[in-house]
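Visitor: Below are the C-alpha coordinates for one structure; questions will follow.
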Amino acid sequence: MKAIIQHWSSILISLLCAMTLGSCRSTNVNLSVFVRTPDHPQGVDSLTVARSDSIIKFLFVDYQSSQKSERLLNSSLEALERADSLYQRFKRMQPDTIACEMDASADSGSNDRKENMLKQIRNELQFAEGNLLQSTRLNPFSLASKEALAHTYILWADVEKSNLQLERAIAVFEEILKLEKGEHYIFAKLAECHFRLKNWQNALDNYVMAERILLATNFVIDSVLHELPETDSMKYELHFDYLYSQAVCLARMYKATEALAMLKKAKEKAVSGEKRKLAEQYEDWLTWDNGNIRAAEEKNNILELIQKKKYEDAVVRFEKLKNELKDPTAIDEIEWRIAQLEFKFLDRKQEACERMLRVVKNYRLPTASPDVQAAYSTYIEDCGVMHYHLGMEFIQSSDYKQAQKYLEQGARLDWSGNYKCDLELAKLNRHDPKLTLEIIDRVLQQPPRLLRDEMLTALEIKLSALRKMGPGYLAEAAIIYKQIRELQNQQ
(Lines give C-alpha, C1' and ligand atoms only; values in the text may rest on other atoms or scores of the structure.)
Protein backbone atom coordinates (compact mmCIF):
# COMPACT_ATOMS: atom_id res chain seq x y z
CA MET A 1 0.00 0.00 0.00
CA LYS A 2 2.79 2.42 0.94
CA ALA A 3 4.57 1.67 -2.32
CA ILE A 4 1.41 2.48 -4.31
CA ILE A 5 1.06 5.85 -2.57
CA GLN A 6 4.68 6.75 -3.27
CA HIS A 7 4.24 5.75 -6.92
CA TRP A 8 1.19 7.96 -7.44
CA SER A 9 2.83 10.86 -5.56
CA SER A 10 5.81 10.80 -7.90
CA ILE A 11 3.51 10.78 -10.91
CA LEU A 12 1.49 13.73 -9.52
CA ILE A 13 4.62 15.78 -8.84
CA SER A 14 5.87 15.12 -12.37
CA LEU A 15 2.55 16.23 -13.82
CA LEU A 16 2.57 19.46 -11.76
CA CYS A 17 6.09 20.31 -12.85
CA ALA A 18 5.16 19.70 -16.48
CA MET A 19 2.09 21.90 -16.17
CA THR A 20 4.10 24.67 -14.53
CA LEU A 21 6.78 24.58 -17.21
CA GLY A 22 4.17 24.51 -19.94
CA SER A 23 2.33 27.43 -18.41
CA CYS A 24 5.53 29.43 -18.18
CA ARG A 25 6.29 28.75 -21.83
CA SER A 26 2.76 29.60 -22.96
CA THR A 27 2.55 32.90 -20.99
CA ASN A 28 6.21 33.91 -21.42
CA VAL A 29 6.73 34.31 -17.68
CA ASN A 30 10.24 35.56 -16.83
CA LEU A 31 11.65 33.17 -14.27
CA SER A 32 14.24 35.75 -13.31
CA VAL A 33 11.69 37.40 -10.97
CA PHE A 34 12.25 34.56 -8.61
CA VAL A 35 15.96 35.35 -8.56
CA ARG A 36 17.55 37.93 -6.17
CA THR A 37 17.96 41.38 -7.89
CA PRO A 38 20.34 44.26 -7.09
CA ASP A 39 17.41 46.04 -5.29
CA HIS A 40 17.06 43.00 -3.09
CA PRO A 41 20.12 43.35 -0.85
CA GLN A 42 21.59 40.45 1.07
CA GLY A 43 20.42 40.10 4.62
CA VAL A 44 16.90 41.42 3.86
CA ASP A 45 14.00 39.10 3.29
CA SER A 46 11.61 39.44 0.35
CA LEU A 47 8.67 40.55 2.50
CA THR A 48 10.69 43.48 3.91
CA VAL A 49 11.88 44.41 0.41
CA ALA A 50 8.31 44.45 -0.88
CA ARG A 51 7.16 46.59 2.02
CA SER A 52 10.07 49.02 1.57
CA ASP A 53 9.42 49.31 -2.17
CA SER A 54 5.79 50.26 -1.50
CA ILE A 55 6.95 53.02 0.87
CA ILE A 56 9.87 54.23 -1.24
CA LYS A 57 7.73 55.16 -4.21
CA PHE A 58 5.82 57.62 -1.98
CA LEU A 59 8.87 59.08 -0.22
CA PHE A 60 11.60 59.42 -2.81
CA VAL A 61 11.87 61.11 -6.18
CA ASP A 62 14.30 59.90 -8.79
CA TYR A 63 17.27 62.13 -9.57
CA GLN A 64 16.12 63.06 -13.06
CA SER A 65 12.67 64.22 -11.89
CA SER A 66 14.22 66.10 -8.98
CA GLN A 67 16.61 67.99 -11.27
CA LYS A 68 13.88 68.87 -13.74
CA SER A 69 11.66 70.07 -10.88
CA GLU A 70 14.51 72.28 -9.63
CA ARG A 71 14.99 73.83 -13.08
CA LEU A 72 11.29 74.58 -13.36
CA LEU A 73 11.32 76.15 -9.91
CA ASN A 74 14.23 78.43 -10.77
CA SER A 75 12.64 79.65 -14.00
CA SER A 76 9.39 80.25 -12.12
CA LEU A 77 11.13 82.30 -9.45
CA GLU A 78 12.68 84.47 -12.15
CA ALA A 79 9.25 85.00 -13.73
CA LEU A 80 7.74 85.75 -10.33
CA GLU A 81 10.44 88.34 -9.65
CA ARG A 82 9.80 89.97 -13.03
CA ALA A 83 6.06 90.05 -12.34
CA ASP A 84 6.58 91.62 -8.92
CA SER A 85 8.94 94.25 -10.32
CA LEU A 86 6.46 95.14 -13.06
CA TYR A 87 3.64 95.33 -10.54
CA GLN A 88 5.60 97.74 -8.34
CA ARG A 89 6.17 99.94 -11.40
CA PHE A 90 2.48 99.67 -12.27
CA LYS A 91 1.47 100.91 -8.82
CA ARG A 92 3.82 103.88 -9.13
CA MET A 93 2.13 104.72 -12.43
CA GLN A 94 -1.24 105.34 -10.76
CA PRO A 95 -2.13 108.88 -11.84
CA ASP A 96 -2.64 111.76 -9.48
CA THR A 97 -6.36 112.55 -9.35
CA ILE A 98 -5.92 116.32 -9.67
CA ALA A 99 -3.47 115.91 -12.54
CA CYS A 100 -5.95 113.73 -14.39
CA GLU A 101 -8.70 116.28 -13.94
CA MET A 102 -6.41 119.00 -15.30
CA ASP A 103 -5.19 116.97 -18.26
CA ALA A 104 -7.71 114.36 -19.29
CA SER A 105 -5.97 113.99 -22.65
CA ALA A 106 -3.06 112.28 -20.89
CA ASP A 107 -5.32 109.44 -19.78
CA SER A 108 -5.42 107.61 -23.10
CA GLY A 109 -1.70 106.99 -23.45
CA SER A 110 -1.33 106.26 -19.76
CA ASN A 111 -4.15 103.70 -19.84
CA ASP A 112 -2.58 101.95 -22.85
CA ARG A 113 0.75 101.68 -21.02
CA LYS A 114 -0.95 100.33 -17.93
CA GLU A 115 -2.92 97.74 -19.91
CA ASN A 116 0.24 96.55 -21.64
CA MET A 117 2.01 96.30 -18.32
CA LEU A 118 -0.87 94.34 -16.77
CA LYS A 119 -0.76 91.96 -19.74
CA GLN A 120 2.97 91.39 -19.18
CA ILE A 121 2.38 90.75 -15.48
CA ARG A 122 -0.36 88.21 -16.23
CA ASN A 123 1.87 86.42 -18.76
CA GLU A 124 4.68 86.15 -16.23
CA LEU A 125 2.30 84.84 -13.56
CA GLN A 126 0.77 82.29 -15.92
CA PHE A 127 4.24 81.11 -16.90
CA ALA A 128 5.26 80.80 -13.25
CA GLU A 129 2.06 78.97 -12.33
CA GLY A 130 2.38 76.43 -15.15
CA ASN A 131 6.02 75.64 -14.35
CA LEU A 132 5.38 75.40 -10.61
CA LEU A 133 2.44 73.05 -11.05
CA GLN A 134 4.65 70.81 -13.18
CA SER A 135 7.49 71.14 -10.67
CA THR A 136 5.27 69.99 -7.80
CA ARG A 137 4.03 67.03 -9.86
CA LEU A 138 7.60 65.94 -10.54
CA ASN A 139 8.63 66.46 -6.93
CA PRO A 140 5.66 66.48 -4.55
CA PHE A 141 8.05 66.95 -1.61
CA SER A 142 9.48 70.30 -2.82
CA LEU A 143 8.25 72.80 -0.25
CA ALA A 144 10.07 75.56 -2.15
CA SER A 145 7.96 74.91 -5.26
CA LYS A 146 4.74 74.88 -3.27
CA GLU A 147 5.62 78.08 -1.45
CA ALA A 148 6.50 79.79 -4.72
CA LEU A 149 3.17 78.67 -6.15
CA ALA A 150 1.30 80.08 -3.17
CA HIS A 151 3.13 83.41 -3.48
CA THR A 152 2.34 83.44 -7.20
CA TYR A 153 -1.36 83.24 -6.37
CA ILE A 154 -1.03 85.97 -3.71
CA LEU A 155 0.61 88.35 -6.18
CA TRP A 156 -2.00 87.41 -8.75
CA ALA A 157 -4.70 88.27 -6.22
CA ASP A 158 -3.10 91.69 -5.73
CA VAL A 159 -3.00 92.33 -9.46
CA GLU A 160 -6.48 91.05 -10.30
CA LYS A 161 -8.16 91.89 -6.96
CA SER A 162 -9.32 88.30 -7.07
CA ASN A 163 -10.62 86.20 -4.19
CA LEU A 164 -10.23 83.08 -6.34
CA GLN A 165 -6.45 83.43 -6.36
CA LEU A 166 -6.42 83.84 -2.59
CA GLU A 167 -8.44 80.65 -2.22
CA ARG A 168 -5.91 78.86 -4.43
CA ALA A 169 -3.08 80.19 -2.25
CA ILE A 170 -4.90 78.87 0.83
CA ALA A 171 -5.21 75.43 -0.77
CA VAL A 172 -1.46 75.36 -1.48
CA PHE A 173 -0.53 76.48 2.04
CA GLU A 174 -2.77 73.75 3.45
CA GLU A 175 -0.92 71.20 1.28
CA ILE A 176 2.37 72.49 2.66
CA LEU A 177 1.10 72.09 6.21
CA LYS A 178 0.44 68.40 5.54
CA LEU A 179 4.20 68.03 5.04
CA GLU A 180 5.51 70.70 7.39
CA LYS A 181 3.65 71.84 10.50
CA GLY A 182 6.61 73.33 12.32
CA GLU A 183 7.08 76.62 10.43
CA HIS A 184 5.28 79.58 11.99
CA TYR A 185 5.51 81.73 8.88
CA ILE A 186 3.43 79.24 6.85
CA PHE A 187 0.60 79.60 9.38
CA ALA A 188 1.07 83.38 9.27
CA LYS A 189 0.81 83.47 5.47
CA LEU A 190 -2.27 81.26 5.59
CA ALA A 191 -3.75 83.63 8.18
CA GLU A 192 -3.07 86.63 5.92
CA CYS A 193 -4.98 85.01 3.06
CA HIS A 194 -7.95 84.23 5.30
CA PHE A 195 -7.81 87.78 6.66
CA ARG A 196 -7.99 89.26 3.17
CA LEU A 197 -11.02 87.06 2.49
CA LYS A 198 -12.56 88.29 5.76
CA ASN A 199 -12.52 84.78 7.21
CA TRP A 200 -11.79 86.28 10.62
CA GLN A 201 -12.01 83.09 12.72
CA ASN A 202 -9.75 81.13 10.36
CA ALA A 203 -7.30 84.01 10.30
CA LEU A 204 -7.31 84.20 14.09
CA ASP A 205 -6.76 80.45 14.49
CA ASN A 206 -3.77 80.49 12.18
CA TYR A 207 -2.21 83.54 13.84
CA VAL A 208 -2.55 81.72 17.16
CA MET A 209 -0.76 78.71 15.69
CA ALA A 210 1.97 80.95 14.24
CA GLU A 211 2.54 82.51 17.66
CA ARG A 212 2.54 79.12 19.42
CA ILE A 213 5.14 77.65 17.07
CA LEU A 214 7.27 80.81 17.21
CA LEU A 215 7.43 80.60 21.01
CA ALA A 216 8.23 76.88 20.90
CA THR A 217 11.28 77.25 18.63
CA ASN A 218 14.09 77.85 21.15
CA PHE A 219 12.74 81.27 21.90
CA VAL A 220 12.07 82.57 25.39
CA ILE A 221 10.53 86.00 25.94
CA ASP A 222 12.34 88.19 28.47
CA SER A 223 10.71 91.62 28.62
CA VAL A 224 13.55 93.13 30.69
CA LEU A 225 16.00 92.85 27.79
CA HIS A 226 16.65 96.05 25.90
CA GLU A 227 19.54 95.14 23.60
CA LEU A 228 18.78 91.99 21.64
CA PRO A 229 20.76 90.05 19.05
CA GLU A 230 19.44 90.56 15.56
CA THR A 231 17.77 87.16 15.37
CA ASP A 232 16.08 87.54 18.74
CA SER A 233 14.98 91.06 17.83
CA MET A 234 13.33 89.72 14.68
CA LYS A 235 11.50 87.10 16.71
CA TYR A 236 10.30 89.75 19.13
CA GLU A 237 8.96 91.77 16.22
CA LEU A 238 7.22 88.70 14.82
CA HIS A 239 5.70 87.98 18.20
CA PHE A 240 4.32 91.52 18.31
CA ASP A 241 2.98 91.13 14.76
CA TYR A 242 1.18 87.89 15.56
CA LEU A 243 -0.36 89.32 18.75
CA TYR A 244 -1.37 92.54 17.00
CA SER A 245 -2.92 90.59 14.12
CA GLN A 246 -4.90 88.48 16.58
CA ALA A 247 -6.22 91.69 18.15
CA VAL A 248 -7.33 92.97 14.74
CA CYS A 249 -9.11 89.69 13.97
CA LEU A 250 -10.91 89.83 17.32
CA ALA A 251 -11.93 93.41 16.63
CA ARG A 252 -13.29 92.43 13.22
CA MET A 253 -15.46 89.91 15.05
CA TYR A 254 -16.63 92.73 17.36
CA LYS A 255 -14.97 91.25 20.44
CA ALA A 256 -13.70 94.54 21.82
CA THR A 257 -12.74 93.29 25.30
CA GLU A 258 -10.68 90.37 23.97
CA ALA A 259 -9.10 92.60 21.30
CA LEU A 260 -8.03 95.17 23.90
CA ALA A 261 -6.54 92.43 26.09
CA MET A 262 -4.54 91.13 23.12
CA LEU A 263 -3.37 94.64 22.26
CA LYS A 264 -2.10 95.02 25.81
CA LYS A 265 0.02 91.89 25.31
CA ALA A 266 1.25 93.23 21.99
CA LYS A 267 2.35 96.52 23.54
CA GLU A 268 4.33 94.61 26.18
CA LYS A 269 6.26 92.83 23.40
CA ALA A 270 6.86 95.91 21.23
CA VAL A 271 10.61 96.39 20.74
CA SER A 272 10.33 99.72 18.95
CA GLY A 273 8.48 102.94 19.51
CA GLU A 274 6.93 102.58 16.07
CA LYS A 275 5.35 99.24 16.94
CA ARG A 276 4.11 100.52 20.28
CA LYS A 277 2.59 103.59 18.63
CA LEU A 278 0.83 101.34 16.12
CA ALA A 279 -0.76 99.36 18.96
CA GLU A 280 -1.73 102.53 20.82
CA GLN A 281 -3.38 104.02 17.74
CA TYR A 282 -5.41 100.87 17.21
CA GLU A 283 -6.27 100.87 20.89
CA ASP A 284 -7.61 104.43 20.51
CA TRP A 285 -9.68 103.28 17.55
CA LEU A 286 -11.08 100.34 19.53
CA THR A 287 -12.03 102.45 22.51
CA TRP A 288 -13.73 105.15 20.42
CA ASP A 289 -17.26 105.74 21.73
CA ASN A 290 -16.60 103.33 24.60
CA GLY A 291 -15.60 100.42 22.37
CA ASN A 292 -18.36 100.81 19.79
CA ILE A 293 -16.51 99.03 16.98
CA ARG A 294 -19.37 99.21 14.49
CA ALA A 295 -19.53 102.98 14.94
CA ALA A 296 -15.76 103.24 14.46
CA GLU A 297 -16.06 101.22 11.25
CA GLU A 298 -18.83 103.48 9.99
CA LYS A 299 -16.68 106.52 10.71
CA ASN A 300 -13.92 104.98 8.56
CA ASN A 301 -16.42 104.32 5.77
CA ILE A 302 -17.56 107.94 5.84
CA LEU A 303 -13.96 109.14 5.73
CA GLU A 304 -13.58 107.11 2.53
CA LEU A 305 -16.56 109.00 1.10
CA ILE A 306 -14.75 112.25 1.83
CA GLN A 307 -11.70 110.95 -0.03
CA LYS A 308 -14.04 110.44 -2.99
CA LYS A 309 -15.29 114.06 -2.59
CA LYS A 310 -18.83 112.96 -1.73
CA TYR A 311 -19.15 115.66 0.89
CA GLU A 312 -22.94 115.96 1.11
CA ASP A 313 -23.34 112.20 1.47
CA ALA A 314 -20.68 112.23 4.15
CA VAL A 315 -22.52 114.90 6.16
CA VAL A 316 -25.80 112.97 5.95
CA ARG A 317 -24.14 109.80 7.22
CA PHE A 318 -22.21 111.69 9.91
CA GLU A 319 -25.49 113.14 11.21
CA LYS A 320 -27.02 109.67 11.35
CA LEU A 321 -23.92 108.25 13.06
CA LYS A 322 -23.88 111.09 15.60
CA ASN A 323 -27.33 110.06 16.81
CA GLU A 324 -26.07 106.54 17.51
CA LEU A 325 -23.11 107.60 19.69
CA LYS A 326 -23.00 107.73 23.47
CA ASP A 327 -19.62 109.23 24.35
CA PRO A 328 -19.73 113.09 24.31
CA THR A 329 -16.14 113.31 23.05
CA ALA A 330 -17.01 111.04 20.11
CA ILE A 331 -20.06 113.17 19.34
CA ASP A 332 -17.95 116.33 19.41
CA GLU A 333 -15.46 114.76 17.01
CA ILE A 334 -18.25 114.07 14.52
CA GLU A 335 -19.56 117.63 14.96
CA TRP A 336 -16.06 118.92 14.20
CA ARG A 337 -15.83 116.78 11.06
CA ILE A 338 -19.24 117.98 9.85
CA ALA A 339 -18.25 121.59 10.48
CA GLN A 340 -15.09 121.17 8.41
CA LEU A 341 -17.12 119.87 5.47
CA GLU A 342 -19.69 122.62 5.80
CA PHE A 343 -17.08 125.38 5.95
CA LYS A 344 -14.64 124.14 3.31
CA PHE A 345 -16.84 122.46 0.72
CA LEU A 346 -20.55 123.08 1.22
CA ASP A 347 -20.60 126.87 1.64
CA ARG A 348 -22.43 126.65 4.96
CA LYS A 349 -19.90 128.68 6.88
CA GLN A 350 -22.17 130.30 9.43
CA GLU A 351 -23.65 126.89 10.34
CA ALA A 352 -20.10 125.56 10.66
CA CYS A 353 -19.11 128.37 13.05
CA GLU A 354 -22.21 127.77 15.15
CA ARG A 355 -21.50 124.04 15.30
CA MET A 356 -17.86 124.57 16.29
CA LEU A 357 -18.81 127.08 19.00
CA ARG A 358 -21.03 124.43 20.60
CA VAL A 359 -18.14 121.95 20.47
CA VAL A 360 -15.58 124.21 22.15
CA LYS A 361 -18.04 125.17 24.87
CA ASN A 362 -18.30 121.47 25.79
CA TYR A 363 -14.59 121.34 26.61
CA ARG A 364 -13.71 120.99 30.28
CA LEU A 365 -9.93 121.11 30.71
CA PRO A 366 -9.49 119.87 34.33
CA THR A 367 -11.23 116.54 33.70
CA ALA A 368 -9.79 115.87 30.24
CA SER A 369 -7.13 113.26 29.46
CA PRO A 370 -4.05 114.33 27.44
CA ASP A 371 -5.52 112.83 24.26
CA VAL A 372 -8.81 114.63 24.77
CA GLN A 373 -6.96 117.88 25.50
CA ALA A 374 -5.05 117.52 22.23
CA ALA A 375 -8.28 116.89 20.30
CA TYR A 376 -10.06 119.91 21.75
CA SER A 377 -7.02 122.12 21.15
CA THR A 378 -7.49 121.27 17.48
CA TYR A 379 -11.21 122.04 17.67
CA ILE A 380 -10.59 125.42 19.31
CA GLU A 381 -7.94 126.29 16.74
CA ASP A 382 -10.27 125.40 13.87
CA CYS A 383 -13.13 127.30 15.45
CA GLY A 384 -10.96 130.42 15.65
CA VAL A 385 -9.80 130.03 12.05
CA MET A 386 -13.40 129.70 10.83
CA HIS A 387 -14.56 132.81 12.68
CA TYR A 388 -11.59 134.84 11.48
CA HIS A 389 -11.99 133.90 7.82
CA LEU A 390 -15.74 134.41 7.87
CA GLY A 391 -15.23 137.83 9.47
CA MET A 392 -12.76 138.73 6.72
CA GLU A 393 -15.27 137.65 4.06
CA PHE A 394 -17.86 139.98 5.56
CA ILE A 395 -15.31 142.84 5.52
CA GLN A 396 -14.69 142.19 1.82
CA SER A 397 -18.42 142.36 1.18
CA SER A 398 -18.61 145.57 3.31
CA ASP A 399 -20.90 143.93 5.87
CA TYR A 400 -19.00 145.40 8.81
CA LYS A 401 -21.67 144.61 11.39
CA GLN A 402 -21.44 140.88 10.73
CA ALA A 403 -17.67 141.11 10.47
CA GLN A 404 -17.54 142.77 13.91
CA LYS A 405 -19.50 139.90 15.48
CA TYR A 406 -17.45 137.06 14.02
CA LEU A 407 -14.12 138.76 14.65
CA GLU A 408 -15.16 139.56 18.22
CA GLN A 409 -16.00 135.90 18.77
CA GLY A 410 -12.71 134.81 17.21
CA ALA A 411 -10.78 137.18 19.46
CA ARG A 412 -12.40 135.67 22.56
CA LEU A 413 -11.27 132.13 21.67
CA ASP A 414 -7.94 130.88 23.00
CA TRP A 415 -6.34 130.04 19.67
CA SER A 416 -3.01 130.96 18.11
CA GLY A 417 -4.45 133.62 15.78
CA ASN A 418 -6.84 135.47 18.09
CA TYR A 419 -4.62 138.57 17.86
CA LYS A 420 -5.40 138.65 14.11
CA CYS A 421 -9.05 139.10 14.98
CA ASP A 422 -8.12 141.91 17.38
CA LEU A 423 -6.02 143.59 14.72
CA GLU A 424 -8.98 143.63 12.32
CA LEU A 425 -11.29 144.81 15.11
CA ALA A 426 -8.93 147.71 15.80
CA LYS A 427 -9.20 148.72 12.16
CA LEU A 428 -12.99 148.47 12.25
CA ASN A 429 -13.21 150.61 15.41
CA ARG A 430 -10.89 153.48 14.41
CA HIS A 431 -13.69 155.98 15.07
CA ASP A 432 -13.57 155.05 18.76
CA PRO A 433 -9.94 155.78 19.70
CA LYS A 434 -10.34 154.65 23.29
CA LEU A 435 -11.73 151.27 22.25
CA THR A 436 -9.09 151.07 19.53
CA LEU A 437 -6.29 151.57 22.09
CA GLU A 438 -7.79 148.93 24.33
CA ILE A 439 -7.90 146.42 21.49
CA ILE A 440 -4.49 147.26 20.04
CA ASP A 441 -2.79 146.93 23.42
CA ARG A 442 -4.04 143.33 23.55
CA VAL A 443 -2.39 142.79 20.19
CA LEU A 444 0.93 144.35 21.22
CA GLN A 445 1.10 142.13 24.31
CA GLN A 446 1.86 139.19 21.99
CA PRO A 447 5.01 140.34 20.14
CA PRO A 448 6.42 136.81 19.58
CA ARG A 449 3.40 135.97 17.44
CA LEU A 450 3.41 139.18 15.42
CA LEU A 451 5.05 139.30 12.03
CA ARG A 452 6.95 142.47 11.14
CA ASP A 453 4.15 143.81 8.93
CA GLU A 454 1.57 143.01 11.60
CA MET A 455 3.63 144.88 14.21
CA LEU A 456 3.91 147.88 11.89
CA THR A 457 0.13 147.85 11.32
CA ALA A 458 -0.55 147.64 15.05
CA LEU A 459 1.80 150.54 15.84
CA GLU A 460 0.33 152.70 13.07
CA ILE A 461 -3.19 152.07 14.38
CA LYS A 462 -2.08 152.96 17.91
CA LEU A 463 -0.34 156.14 16.69
CA SER A 464 -3.52 157.22 14.91
CA ALA A 465 -5.64 156.53 18.01
CA LEU A 466 -3.25 158.45 20.33
CA ARG A 467 -3.38 161.50 18.09
CA LYS A 468 -7.17 161.39 18.15
CA MET A 469 -7.11 161.30 21.95
CA GLY A 470 -5.67 164.81 22.10
CA PRO A 471 -2.61 166.73 23.39
CA GLY A 472 -2.27 164.66 26.56
CA TYR A 473 -1.27 161.64 24.47
CA LEU A 474 1.16 163.31 22.06
CA ALA A 475 4.28 162.37 24.07
CA GLU A 476 3.33 158.69 23.92
CA ALA A 477 2.50 159.17 20.25
CA ALA A 478 6.05 160.42 19.66
CA ILE A 479 7.47 157.28 21.24
CA ILE A 480 5.27 155.09 19.03
CA TYR A 481 6.31 157.09 15.97
CA LYS A 482 9.98 156.47 16.80
CA GLN A 483 9.30 152.72 17.11
CA ILE A 484 7.63 152.74 13.72
CA ARG A 485 10.61 154.49 12.08
CA GLU A 486 13.07 152.03 13.66
CA LEU A 487 11.00 149.06 12.48
CA GLN A 488 10.71 150.49 8.96
CA ASN A 489 14.50 150.87 8.78
CA GLN A 490 15.05 147.21 9.68
CA GLN A 491 15.82 144.95 6.78
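Starting from 1 in every chain, residues are counted up; chains themselves are A, B, ... following the order of the C-alpha coordinates, and ligands are numbered from 1 as listed.
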Identify, on the basis of only C-alpha atoms, every residue whose closest approach to Met117 of chain A does not exceed 9 Å; exclude the query and any residue fewer than 5 positions from it along the same chain; express the result as a list in words.
Guide: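 Result of the neighbour search: Leu86, Tyr87, Arg89, Phe90, Asp112 and Arg122 of chain A.
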Visitor: Could those residues be written to a file, using N, CA, C and O atoms, as a short mmCIF file (atom, residue, chain, number, x, y, z; two decimals), in the first residue's frame?
Guide:
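Output file part.cif follows:
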data_model
loop_
_atom_site.label_atom_id
_atom_site.label_comp_id
_atom_site.auth_asym_id
_atom_site.auth_seq_id
_atom_site.Cartn_x
_atom_site.Cartn_y
_atom_site.Cartn_z
N LEU A 86 7.39 94.42 -12.18
CA LEU A 86 6.46 95.14 -13.06
C LEU A 86 5.27 95.69 -12.28
O LEU A 86 4.80 96.80 -12.53
N TYR A 87 4.80 94.89 -11.31
CA TYR A 87 3.64 95.33 -10.54
C TYR A 87 3.97 96.54 -9.67
O TYR A 87 3.15 97.45 -9.51
N ARG A 89 6.15 98.82 -10.45
CA ARG A 89 6.17 99.94 -11.40
C ARG A 89 4.75 100.36 -11.75
O ARG A 89 4.45 101.56 -11.86
N PHE A 90 3.88 99.38 -11.93
CA PHE A 90 2.48 99.67 -12.27
C PHE A 90 1.83 100.51 -11.18
O PHE A 90 1.11 101.47 -11.47
N ASP A 112 -3.16 102.95 -21.94
CA ASP A 112 -2.58 101.95 -22.85
C ASP A 112 -1.33 101.33 -22.23
O ASP A 112 -1.13 100.11 -22.29
N ARG A 122 0.44 89.43 -16.16
CA ARG A 122 -0.36 88.21 -16.23
C ARG A 122 0.40 87.10 -16.95
O ARG A 122 0.35 85.93 -16.53
#
Visitor: When distances are computed from only C-alpha atoms, which of A:Ala128, A:Ala210, A:Phe141, A:Arg92 shows the smallest separation from Lys114 of chain A?
Guide: A:Arg92
Visitor: Quick check, in Å to one decimal: how far apart do atom CA of Ile480 of chain A and atom CA of Leu451 of chain A lie?
Guide: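 Between atom CA of Ile480 of chain A and atom CA of Leu451 of chain A the gap is 17.3 Å.
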Visitor: Kindly indicate which residue among A:Asp453, A:Asp284, A:Glu274, A:Glu335 lies nearest to Ala256 of chain A, using only C-alpha atoms for the distances.
Guide: A:Asp284
Visitor: Calculated over only C-alpha atoms, which of the candidates A:Ala188, A:Met455, A:Ala465, A:Ala411 has the smallest distance to Asp432 of chain A?
Guide: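 For Asp432 of chain A, the nearest of the candidates is A:Ala465.
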Visitor: Let me make sure I understand: among A:Ala375, A:Val315, A:Met356, A:Ala157, which one has the smallest atom-to-atom distance to Thr329 of chain A if we use only C-alpha atoms?
Guide: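 Under the stated criterion, the closest residue is A:Ala375.
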Visitor: Let's see if you can do this: from backbone DSSP, list all helix (DSSP H, G or I) residues in segment 238-456 of chain A, as JSON, numbers by chain.
Guide: {"A": [238, 239, 240, 241, 242, 243, 244, 245, 246, 247, 248, 249, 250, 251, 252, 256, 257, 258, 259, 260, 261, 262, 263, 264, 265, 266, 267, 268, 269, 273, 274, 275, 276, 277, 278, 279, 280, 281, 282, 283, 284, 285, 286, 293, 294, 295, 296, 297, 298, 299, 300, 301, 302, 303, 304, 305, 306, 307, 311, 312, 313, 314, 315, 316, 317, 318, 319, 320, 321, 322, 328, 329, 330, 331, 332, 333, 334, 335, 336, 337, 338, 339, 340, 341, 342, 343, 344, 349, 350, 351, 352, 353, 354, 355, 356, 357, 358, 359, 360, 361, 365, 366, 367, 370, 371, 372, 373, 374, 375, 376, 377, 378, 379, 380, 381, 382, 383, 384, 385, 386, 387, 388, 389, 390, 391, 392, 393, 394, 395, 396, 400, 401, 402, 403, 404, 405, 406, 407, 408, 409, 410, 411, 412, 418, 419, 420, 421, 422, 423, 424, 425, 426, 427, 428, 433, 434, 435, 436, 437, 438, 439, 440, 441, 442, 443, 444, 452, 453, 454, 455, 456]}
